[in-house]
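Everything below belongs to start.cif, which stores mmCIF, C-alpha atoms.
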data_structure
loop_
_atom_site.group_PDB
_atom_site.id
_atom_site.type_symbol
_atom_site.label_atom_id
_atom_site.label_comp_id
_atom_site.auth_asym_id
_atom_site.auth_seq_id
_atom_site.Cartn_x
_atom_site.Cartn_y
_atom_site.Cartn_z
ATOM 1 C CA MET A 1 5.268 24.333 -6.295
ATOM 2 C CA GLY A 2 3.786 27.792 -6.050
ATOM 3 C CA LEU A 3 3.969 28.660 -9.746
ATOM 4 C CA PRO A 4 0.758 29.067 -11.791
ATOM 5 C CA THR A 5 0.256 25.607 -13.280
ATOM 6 C CA VAL A 6 -2.440 23.967 -15.365
ATOM 7 C CA PHE A 7 -3.327 20.492 -14.110
ATOM 8 C CA VAL A 8 -4.524 17.955 -16.667
ATOM 9 C CA ARG A 9 -6.121 15.164 -14.643
ATOM 10 C CA LEU A 10 -6.535 11.829 -16.415
ATOM 11 C CA THR A 11 -9.131 9.332 -15.239
ATOM 12 C CA GLY A 12 -8.309 5.911 -13.876
ATOM 13 C CA CYS A 13 -5.870 4.372 -11.427
ATOM 14 C CA PRO A 14 -4.906 0.748 -10.741
ATOM 15 C CA LEU A 15 -3.911 1.610 -7.135
ATOM 16 C CA ARG A 16 -6.049 2.255 -4.081
ATOM 17 C CA CYS A 17 -3.788 4.112 -1.660
ATOM 18 C CA GLN A 18 -5.564 4.547 1.682
ATOM 19 C CA TYR A 19 -4.820 8.295 1.716
ATOM 20 C CA CYS A 20 -5.967 8.948 -1.868
ATOM 21 C CA ASP A 21 -7.541 12.373 -2.214
ATOM 22 C CA THR A 22 -8.565 11.953 -5.842
ATOM 23 C CA ALA A 23 -10.830 8.912 -5.728
ATOM 24 C CA TYR A 24 -13.233 10.973 -7.856
ATOM 25 C CA ALA A 25 -10.728 10.465 -10.701
ATOM 26 C CA PHE A 26 -11.039 6.662 -10.624
ATOM 27 C CA GLN A 27 -13.829 6.912 -13.190
ATOM 28 C CA GLY A 28 -15.920 9.449 -15.034
ATOM 29 C CA GLY A 29 -14.593 12.625 -16.570
ATOM 30 C CA SER A 30 -14.967 13.784 -20.162
ATOM 31 C CA TRP A 31 -13.454 12.351 -23.314
ATOM 32 C CA LEU A 32 -11.330 14.976 -25.055
ATOM 33 C CA THR A 33 -9.175 14.745 -28.151
ATOM 34 C CA LEU A 34 -5.538 15.736 -27.966
ATOM 35 C CA SER A 35 -6.380 18.917 -29.850
ATOM 36 C CA GLU A 36 -9.180 19.765 -27.412
ATOM 37 C CA ILE A 37 -6.859 19.276 -24.434
ATOM 38 C CA LEU A 38 -4.219 21.553 -25.981
ATOM 39 C CA THR A 39 -6.848 24.219 -26.667
ATOM 40 C CA GLU A 40 -8.175 24.010 -23.107
ATOM 41 C CA VAL A 41 -4.661 24.233 -21.617
ATOM 42 C CA SER A 42 -3.846 27.293 -23.758
ATOM 43 C CA ARG A 43 -6.834 29.190 -22.291
ATOM 44 C CA PHE A 44 -5.025 29.487 -18.944
ATOM 45 C CA ASP A 45 -1.980 31.292 -20.334
ATOM 46 C CA ALA A 46 0.405 29.430 -17.988
ATOM 47 C CA ARG A 47 3.895 28.150 -18.770
ATOM 48 C CA TYR A 48 3.660 25.086 -16.538
ATOM 49 C CA VAL A 49 1.490 22.012 -17.076
ATOM 50 C CA THR A 50 1.239 19.009 -14.774
ATOM 51 C CA VAL A 51 -0.335 15.798 -16.046
ATOM 52 C CA THR A 52 -1.707 13.811 -13.132
ATOM 53 C CA GLY A 53 -4.478 11.390 -12.252
ATOM 54 C CA GLY A 54 -5.433 8.888 -10.849
ATOM 55 C CA GLU A 55 -2.475 7.306 -12.519
ATOM 56 C CA PRO A 56 -1.977 9.128 -15.829
ATOM 57 C CA LEU A 57 0.171 6.377 -17.361
ATOM 58 C CA ALA A 58 -2.851 4.059 -17.136
ATOM 59 C CA GLN A 59 -4.242 6.031 -20.104
ATOM 60 C CA LYS A 60 -2.823 4.789 -23.419
ATOM 61 C CA ASN A 61 -2.636 8.306 -24.871
ATOM 62 C CA CYS A 62 -0.731 9.817 -21.962
ATOM 63 C CA LEU A 63 2.655 9.577 -23.701
ATOM 64 C CA PRO A 64 1.496 11.368 -26.893
ATOM 65 C CA LEU A 65 -0.151 14.024 -24.696
ATOM 66 C CA LEU A 66 3.092 14.652 -22.812
ATOM 67 C CA THR A 67 5.033 14.999 -26.061
ATOM 68 C CA ALA A 68 2.419 17.316 -27.595
ATOM 69 C CA LEU A 69 2.510 19.582 -24.534
ATOM 70 C CA CYS A 70 6.324 19.737 -24.712
ATOM 71 C CA ASP A 71 6.122 20.486 -28.446
ATOM 72 C CA GLN A 72 3.851 23.440 -27.609
ATOM 73 C CA GLY A 73 6.622 24.885 -25.431
ATOM 74 C CA TYR A 74 5.175 24.154 -22.008
ATOM 75 C CA ASN A 75 7.290 23.121 -19.027
ATOM 76 C CA VAL A 76 5.661 19.736 -18.443
ATOM 77 C CA SER A 77 5.693 17.526 -15.371
ATOM 78 C CA LEU A 78 4.091 14.154 -14.797
ATOM 79 C CA GLU A 79 2.889 12.950 -11.403
ATOM 80 C CA THR A 80 2.986 9.155 -11.344
ATOM 81 C CA SER A 81 2.646 6.448 -8.734
ATOM 82 C CA GLY A 82 5.688 4.739 -10.202
ATOM 83 C CA SER A 83 3.737 1.504 -10.525
ATOM 84 C CA LEU A 84 3.874 1.559 -14.341
ATOM 85 C CA ASP A 85 6.812 1.745 -16.755
ATOM 86 C CA ILE A 86 8.258 5.264 -17.112
ATOM 87 C CA SER A 87 10.980 4.380 -19.648
ATOM 88 C CA GLN A 88 9.122 5.760 -22.691
ATOM 89 C CA ILE A 89 8.266 9.192 -21.276
ATOM 90 C CA ASP A 90 9.488 12.119 -23.372
ATOM 91 C CA GLN A 91 12.884 13.186 -21.996
ATOM 92 C CA ARG A 92 11.705 16.814 -21.754
ATOM 93 C CA VAL A 93 9.108 15.903 -19.117
ATOM 94 C CA SER A 94 9.973 16.261 -15.416
ATOM 95 C CA ILE A 95 8.820 13.161 -13.587
ATOM 96 C CA VAL A 96 7.495 13.278 -10.030
ATOM 97 C CA MET A 97 7.403 9.615 -9.021
ATOM 98 C CA ASP A 98 5.967 8.323 -5.759
ATOM 99 C CA LEU A 99 7.524 5.523 -3.821
ATOM 100 C CA LYS A 100 4.602 4.051 -1.943
ATOM 101 C CA THR A 101 5.175 3.767 1.795
ATOM 102 C CA PRO A 102 3.920 0.921 4.031
ATOM 103 C CA ALA A 103 0.928 2.942 5.284
ATOM 104 C CA SER A 104 -0.215 3.598 1.712
ATOM 105 C CA LEU A 105 -1.255 -0.072 1.580
ATOM 106 C CA GLU A 106 0.215 -0.217 -1.936
ATOM 107 C CA ILE A 107 3.906 -0.729 -1.150
ATOM 108 C CA GLU A 108 4.019 -3.910 -3.238
ATOM 109 C CA ARG A 109 3.164 -1.819 -6.332
ATOM 110 C CA ASN A 110 6.497 0.030 -6.269
ATOM 111 C CA ARG A 111 8.273 -0.627 -9.557
ATOM 112 C CA LEU A 112 11.847 -0.093 -8.410
ATOM 113 C CA GLU A 113 13.277 -0.648 -11.899
ATOM 114 C CA ASN A 114 11.847 2.804 -12.708
ATOM 115 C CA LEU A 115 14.616 4.308 -10.574
ATOM 116 C CA HIS A 116 17.036 3.615 -13.461
ATOM 117 C CA PHE A 117 15.134 6.012 -15.738
ATOM 118 C CA LEU A 118 15.069 9.016 -13.417
ATOM 119 C CA GLN A 119 17.301 12.019 -14.108
ATOM 120 C CA LYS A 120 18.498 14.966 -12.010
ATOM 121 C CA LYS A 121 15.518 17.077 -13.189
ATOM 122 C CA ASP A 122 13.072 14.537 -11.733
ATOM 123 C CA GLN A 123 11.777 14.020 -8.199
ATOM 124 C CA ILE A 124 10.928 11.080 -5.968
ATOM 125 C CA LYS A 125 8.086 11.724 -3.545
ATOM 126 C CA PHE A 126 7.298 9.916 -0.307
ATOM 127 C CA VAL A 127 3.862 10.553 1.213
ATOM 128 C CA ILE A 128 4.517 10.022 4.910
ATOM 129 C CA CYS A 129 1.645 8.883 7.149
ATOM 130 C CA ASP A 130 3.505 8.055 10.372
ATOM 131 C CA ARG A 131 6.909 7.431 11.950
ATOM 132 C CA ARG A 132 7.125 3.937 10.395
ATOM 133 C CA ASP A 133 6.734 5.451 6.907
ATOM 134 C CA TYR A 134 9.382 8.037 7.739
ATOM 135 C CA GLU A 135 11.899 5.404 8.853
ATOM 136 C CA TRP A 136 11.118 3.256 5.809
ATOM 137 C CA ALA A 137 11.682 6.242 3.495
ATOM 138 C CA LYS A 138 15.044 6.971 5.156
ATOM 139 C CA THR A 139 16.054 3.337 4.601
ATOM 140 C CA MET A 140 15.057 3.519 0.932
ATOM 141 C CA ILE A 141 17.023 6.743 0.433
ATOM 142 C CA ASP A 142 20.120 5.170 1.956
ATOM 143 C CA HIS A 143 19.815 1.745 0.310
ATOM 144 C CA TYR A 144 19.219 3.077 -3.217
ATOM 145 C CA GLN A 145 21.309 6.264 -2.817
ATOM 146 C CA LEU A 146 18.262 8.212 -4.008
ATOM 147 C CA THR A 147 19.740 11.647 -3.341
ATOM 148 C CA GLN A 148 22.296 10.857 -6.053
ATOM 149 C CA LEU A 149 19.479 10.287 -8.572
ATOM 150 C CA CYS A 150 17.278 13.340 -8.123
ATOM 151 C CA GLU A 151 15.546 15.596 -5.621
ATOM 152 C CA ILE A 152 13.628 13.848 -2.827
ATOM 153 C CA LEU A 153 10.288 15.166 -1.537
ATOM 154 C CA PHE A 154 8.718 14.294 1.826
ATOM 155 C CA SER A 155 5.043 15.153 2.050
ATOM 156 C CA PRO A 156 2.882 14.579 5.140
ATOM 157 C CA ALA A 157 -0.303 12.665 4.352
ATOM 158 C CA TYR A 158 -3.058 15.258 4.575
ATOM 159 C CA GLY A 159 -5.001 14.850 7.808
ATOM 160 C CA GLN A 160 -2.797 11.961 9.028
ATOM 161 C CA LEU A 161 0.523 13.530 10.006
ATOM 162 C CA GLU A 162 1.083 17.047 11.290
ATOM 163 C CA ASN A 163 3.245 19.200 9.032
ATOM 164 C CA ARG A 164 5.279 20.372 12.006
ATOM 165 C CA LYS A 165 6.030 16.846 13.210
ATOM 166 C CA LEU A 166 7.408 15.758 9.827
ATOM 167 C CA ALA A 167 9.409 18.983 9.530
ATOM 168 C CA GLU A 168 10.912 18.367 12.982
ATOM 169 C CA TRP A 169 11.907 14.790 12.095
ATOM 170 C CA ILE A 170 13.594 16.005 8.894
ATOM 171 C CA LEU A 171 15.472 18.735 10.776
ATOM 172 C CA GLU A 172 16.519 16.389 13.590
ATOM 173 C CA ASP A 173 17.986 13.908 11.112
ATOM 174 C CA LYS A 174 19.365 16.619 8.796
ATOM 175 C CA LEU A 175 17.870 14.820 5.824
ATOM 176 C CA PRO A 176 18.697 16.255 2.393
ATOM 177 C CA VAL A 177 15.042 16.251 1.334
ATOM 178 C CA ARG A 178 12.522 18.929 0.414
ATOM 179 C CA PHE A 179 9.495 19.255 2.686
ATOM 180 C CA GLN A 180 6.365 19.585 0.576
ATOM 181 C CA ILE A 181 2.739 20.189 1.461
ATOM 182 C CA GLN A 182 -0.349 20.110 -0.729
ATOM 183 C CA LEU A 183 -0.439 23.882 -1.084
ATOM 184 C CA HIS A 184 -3.737 23.831 -2.996
ATOM 185 C CA LYS A 185 -5.492 22.371 0.071
ATOM 186 C CA TYR A 186 -4.393 25.332 2.174
ATOM 187 C CA ILE A 187 -5.658 27.756 -0.456
ATOM 188 C CA TRP A 188 -8.886 26.098 -1.651
ATOM 189 C CA GLY A 189 -9.534 23.446 0.982
ATOM 190 C CA ASP A 190 -10.345 19.827 0.279
ATOM 191 C CA ILE A 191 -12.240 20.519 -2.944
ATOM 192 C CA PRO A 192 -12.098 17.975 -5.807
ATOM 193 C CA GLY A 193 -10.373 19.425 -8.845
ATOM 194 C CA HIS A 194 -8.121 21.836 -6.951
#

Can the structure in the file be given as structure tokens, please?
Amino acid sequence: MGLPTVFVRLTGCPLRCQYCDTAYAFQGGSWLTLSEILTEVSRFDARYVTVTGGEPLAQKNCLPLLTALCDQGYNVSLETSGSLDISQIDQRVSIVMDLKTPASLEIERNRLENLHFLQKKDQIKFVICDRRDYEWAKTMIDHYQLTQLCEILFSPAYGQLENRKLAEWILEDKLPVRFQIQLHKYIWGDIPGH
């Protein structure tokens, strides 16, 4: 977070999280070839590329795109809901995988077998809407020993939980997690595409 990064947003998502801020990516967009995407990414002269969505793994050509970006020398990350299989993702890609909390209304979509494919370079993200989500996330961390797998991110749901409140809970409990906000919203506001 905070480094100049090119976001490649892929259309489509099988989930409907109640806090989704990218519903505009459920449909529409422009069809681009792999070559066209690589050319467009190169225009920004950035070292970091994040492939996101919607749910990027819902697109059949997401895996070849990730590999092509890595082959071009980019530091590549993938933001995924964790509801689809991550086992075939290029090992060079850093995975940021959500575990859907109760308030997301998509908790049943968590594919917990994906936890076996995460590495130290990856991250698990919890979008926290309320105290119940926070307690649930703590239980998941403890039950699955998630801090042994990779870095854990706690992010307050934009407009639903005050940043300060979540930060205070984390500090009170001395949780070994990283507090994360949607920095782009504080810079550009709630504008689609940023």

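With distances taken over all atoms listed in the file, A:Ile181 is the one residue among A:Val49, A:Leu38, A:Ile181, A:Ala68 lying closest to Pro156 (chain A).
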
Can you tell me which residues surround Asn163 (chain A) at a distance of at most 12 Å, considering only C-alpha atoms, apart from same-chain residues fewer than 3 positions away, and format the answer as a PDB file with C-alpha atoms, in the frame of the given file?
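Listing of out-v9.pdb after writing:
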ATOM      1  CA  VAL A 127       3.862  10.553   1.213  1.00  0.00           C
ATOM      2  CA  ILE A 128       4.517  10.022   4.910  1.00  0.00           C
ATOM      3  CA  CYS A 129       1.645   8.883   7.149  1.00  0.00           C
ATOM      4  CA  ASP A 130       3.505   8.055  10.372  1.00  0.00           C
ATOM      5  CA  PHE A 154       8.718  14.294   1.826  1.00  0.00           C
ATOM      6  CA  SER A 155       5.043  15.153   2.050  1.00  0.00           C
ATOM      7  CA  PRO A 156       2.882  14.579   5.140  1.00  0.00           C
ATOM      8  CA  ALA A 157      -0.303  12.665   4.352  1.00  0.00           C
ATOM      9  CA  TYR A 158      -3.058  15.258   4.575  1.00  0.00           C
ATOM     10  CA  GLY A 159      -5.001  14.850   7.808  1.00  0.00           C
ATOM     11  CA  GLN A 160      -2.797  11.961   9.028  1.00  0.00           C
ATOM     12  CA  LEU A 166       7.408  15.758   9.827  1.00  0.00           C
ATOM     13  CA  ALA A 167       9.409  18.983   9.530  1.00  0.00           C
ATOM     14  CA  GLU A 168      10.912  18.367  12.982  1.00  0.00           C
ATOM     15  CA  TRP A 169      11.907  14.790  12.095  1.00  0.00           C
ATOM     16  CA  ILE A 170      13.594  16.005   8.894  1.00  0.00           C
ATOM     17  CA  PHE A 179       9.495  19.255   2.686  1.00  0.00           C
ATOM     18  CA  GLN A 180       6.365  19.585   0.576  1.00  0.00           C
ATOM     19  CA  ILE A 181       2.739  20.189   1.461  1.00  0.00           C
ATOM     20  CA  GLN A 182      -0.349  20.110  -0.729  1.00  0.00           C
ATOM     21  CA  LEU A 183      -0.439  23.882  -1.084  1.00  0.00           C
ATOM     22  CA  TYR A 186      -4.393  25.332   2.174  1.00  0.00           C
TER      23      TYR A 186
END

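Counting all atoms listed in the file and comparing A:Leu105, A:Val76, A:Leu10, A:Cys70, the residue that lies closest to Ala58 (chain A) is A:Leu10.
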
| request: I would like the residues chosen by the PyMOL selection byres ((chain A and resi 125) around 9) on the shown file; could you give them as a VMD selection string? | output: chain A and resid 96 to 100 123 to 124 126 to 127 151 to 155

Step by step: start from the point (14.1, 0.9, -9.7) in the file's coordinates, keep every protein, DNA or RNA residue that has an atom no farther than 12 Å from it, count all atoms listed in the file, and write the set as a PDB file with C-alpha atoms, in the frame of the given file.
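Ended up saving to out_24.pdb:
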ATOM      1  CA  GLY A  82       5.688   4.739 -10.202  1.00  0.00           C
ATOM      2  CA  SER A  83       3.737   1.504 -10.525  1.00  0.00           C
ATOM      3  CA  LEU A  84       3.874   1.559 -14.341  1.00  0.00           C
ATOM      4  CA  ASP A  85       6.812   1.745 -16.755  1.00  0.00           C
ATOM      5  CA  ILE A  86       8.258   5.264 -17.112  1.00  0.00           C
ATOM      6  CA  SER A  87      10.980   4.380 -19.648  1.00  0.00           C
ATOM      7  CA  MET A  97       7.403   9.615  -9.021  1.00  0.00           C
ATOM      8  CA  ASP A  98       5.967   8.323  -5.759  1.00  0.00           C
ATOM      9  CA  LEU A  99       7.524   5.523  -3.821  1.00  0.00           C
ATOM     10  CA  ARG A 109       3.164  -1.819  -6.332  1.00  0.00           C
ATOM     11  CA  ASN A 110       6.497   0.030  -6.269  1.00  0.00           C
ATOM     12  CA  ARG A 111       8.273  -0.627  -9.557  1.00  0.00           C
ATOM     13  CA  LEU A 112      11.847  -0.093  -8.410  1.00  0.00           C
ATOM     14  CA  GLU A 113      13.277  -0.648 -11.899  1.00  0.00           C
ATOM     15  CA  ASN A 114      11.847   2.804 -12.708  1.00  0.00           C
ATOM     16  CA  LEU A 115      14.616   4.308 -10.574  1.00  0.00           C
ATOM     17  CA  HIS A 116      17.036   3.615 -13.461  1.00  0.00           C
ATOM     18  CA  PHE A 117      15.134   6.012 -15.738  1.00  0.00           C
ATOM     19  CA  LEU A 118      15.069   9.016 -13.417  1.00  0.00           C
ATOM     20  CA  ILE A 124      10.928  11.080  -5.968  1.00  0.00           C
ATOM     21  CA  MET A 140      15.057   3.519   0.932  1.00  0.00           C
ATOM     22  CA  HIS A 143      19.815   1.745   0.310  1.00  0.00           C
ATOM     23  CA  TYR A 144      19.219   3.077  -3.217  1.00  0.00           C
ATOM     24  CA  GLN A 145      21.309   6.264  -2.817  1.00  0.00           C
ATOM     25  CA  LEU A 146      18.262   8.212  -4.008  1.00  0.00           C
ATOM     26  CA  LEU A 149      19.479  10.287  -8.572  1.00  0.00           C
TER      27      LEU A 149
END

| said: One number please: CA of Ser42 (chain A) to CA of Gln119 (chain A), in Å, one decimal. | reply: 27.8 Å

Taking every listed atom of region 120-134 of chain A and adding 4 Å to each side, what centre and edge lengths in Å (one decimal) does the axis-aligned box have, as AutoDock Vina command-line options?
--center_x 10.1 --center_y 10.5 --center_z -0.6 --size_x 24.9 --size_y 21.1 --size_z 33.1

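With only C-alpha atoms as the basis for measurement, A:Leu65 is the residue among A:Thr11, A:Leu65, A:Leu175, A:Ser104 that approaches Thr33 (chain A) most closely.
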
| task | Name the residues in contact with Glu55 (chain A) at a cut-off of 6 Å, using only C-alpha atoms, excluding same-chain residues fewer than 2 positions from it; report them as an NGL selection string. | result | :A and (13 or 53 or 57-58 or 80)

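Of the listed residues (A:Gln59, A:Thr5, A:Thr50, A:Ser81), A:Ser81 comes nearest to Thr101 (chain A); the distances count only C-alpha atoms.
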
| message | Applying 10 Å and only C-alpha atoms, which residues near Ser77 (chain A) remain after dropping the ones on its own chain fewer than 2 positions away? List them as a PyMOL selection string. | response | chain A and resi 5+7+48-52+66+69-70+74-75+79-80+92-96+122
